[in-house]
Amino acid sequence: MNSAAFALSAAELAPLLLGKLLCHRTPQGLAAGMIVEAEAYCGPEDDAAPSFGGRRTARTEAMFGPPGHAYVFRLYGMHSCFNVVAAPEGSPQAVLIRALEPVEGLALMERRLGLTDPLQLCSGPGKLCRALAIGPAQYGLDLCGEELFLTDFRGFSPAEICVSPRVNVDYALGYRDRLWRFFVKDCPYVSRVPRRYASRGTLG
DNA sequence: TGTCCGATTGGT
DNA sequence: CCAATCGGACAG
């Protein structure tokens with residue numbers, strides 16, 4: 001993908017990332033999966049985003065950087081979450097990648113997770129980072145580079161893309177109901193979430 | 001320097 | 001429903 005393609009608002013970019021292939025080359029080999037679920041975080045107004053209120057710290061710095069780079073954060077001291085930085089430099093927006101359909105390097109992913117069910121290898125933001133070995137070392141990487149990158153894989157029509165509220169941001173009183181979670185309709189690789197996050201319809 | 005806490009996950 | 005586990009953020 002061209003770097004110019006990422007200079008959209010996170011809410012515009014998120015659904016466009018569905019169908020793209022997220023690839024990570026490591027010394028162990030290449031692991032890749034098709035993005036099937038993503039969420040938009042649109043700071044500084046979005047009170048679910050760490051950049052809410054324009055908070056600019058070492059942790060959120062990548063969100064303020066140029067689009068098309070990796071923003072990785074650690075959660076609960078044990079999980080990493082991968083985001084694609086959106087919007088022009090200075091505007092802190094990012095798209096959280098929540099699930100992939102494994103496409104390449106399945107054996108590698110299985111080894112990293114200790115699981116063999118392909119439906120469970122990349123079904124969640126923390127798990128897909130483990131499967132692709134994405135962590136703090138990939139913070140800020142240019143996604144048009146050689147190590148961690150996105151490629152076109154397939155497309156989805158608006159009618160195939162479901163929307164819902166974002167998962168586990170109930171603390172965000174102002175923006176928790178925004179329909180900024182996007183996922184592929186009837187796709188078994190989408191992460192399992194509580195009923196309250198069920199589809200509210202499609203883009204079609 | 002001390003306290004608080006999470007954009008998750010997996011097991012009870 | 002609940003614990004795991006830890007560095008960043010912020011108050012003092």
# chains A, B, ... in the order shown; residues from 1 in each chain; ligands from 1
$ interface_residues --of "chain C" --to "chain A" --cutoff "9 Å" --atoms "only C-alpha atoms (C1' of nucleotides)" --output "list in words"
DA4, DT5, DC6, DG7, DG8 and DA9 of chain C
$ interface_residues --of "chain B" --to "chain A" --cutoff "8 Å" --atoms "only C-alpha atoms (C1' of nucleotides)" --output "PyMOL selection string"
chain B and resi 6-9
$ write_last_selection --atoms "C-alpha atoms (C1' of nucleotides)" --output "CSV table (one decimal), in the first residue's frame"
chain,number,residue,atom,x,y,z
B,6,DG,C1',-6.1,-0.8,31.3
B,7,DA,C1',-8.4,-0.6,23.3
B,8,DT,C1',-7.2,-8.4,26.8
B,9,DT,C1',-7.2,-13.1,27.6
$ residues_around --residues "DT12 (chain B)" --least-positions-apart "2" --cutoff "12 Å" --atoms "only C-alpha atoms (C1' of nucleotides)" --output "mmCIF file with C-alpha atoms (C1' of nucleotides), in the first residue's frame"
data_model
loop_
_atom_site.group_PDB
_atom_site.id
_atom_site.type_symbol
_atom_site.label_atom_id
_atom_site.label_comp_id
_atom_site.auth_asym_id
_atom_site.auth_seq_id
_atom_site.Cartn_x
_atom_site.Cartn_y
_atom_site.Cartn_z
ATOM 1 C "C1'" DG B 10 -8.160 -17.537 29.464
ATOM 2 C "C1'" DC C 1 -16.914 -13.397 37.189
ATOM 3 C "C1'" DC C 2 -12.000 -12.700 38.174
ATOM 4 C "C1'" DA C 3 -6.938 -12.724 38.293
#
$ residues_around --residues "DC10 (chain C)" --least-positions-apart "4" --cutoff "12 Å" --atoms "only C-alpha atoms (C1' of nucleotides)" --output "list in words"
Thr57 of chain A; DG2, DT3, DC4 and DC5 of chain B
$ atom_distance --atom1 "CA of Arg154 (chain A)" --atom2 "CA of Met34 (chain A)"
8.5 Å
$ residues_around --residues "region 111-118 of chain A" --least-positions-apart "5" --cutoff "7 Å" --atoms "only C-alpha atoms (C1' of nucleotides)" --output "list in words"
Pro102, Arg130 and Ala131 of chain A
$ select_by_dssp --residues "region 44-125 of chain A" --states "strand (DSSP E or B)" --output "ChimeraX atom specification"
/A:69-75,79-85,93-104,123
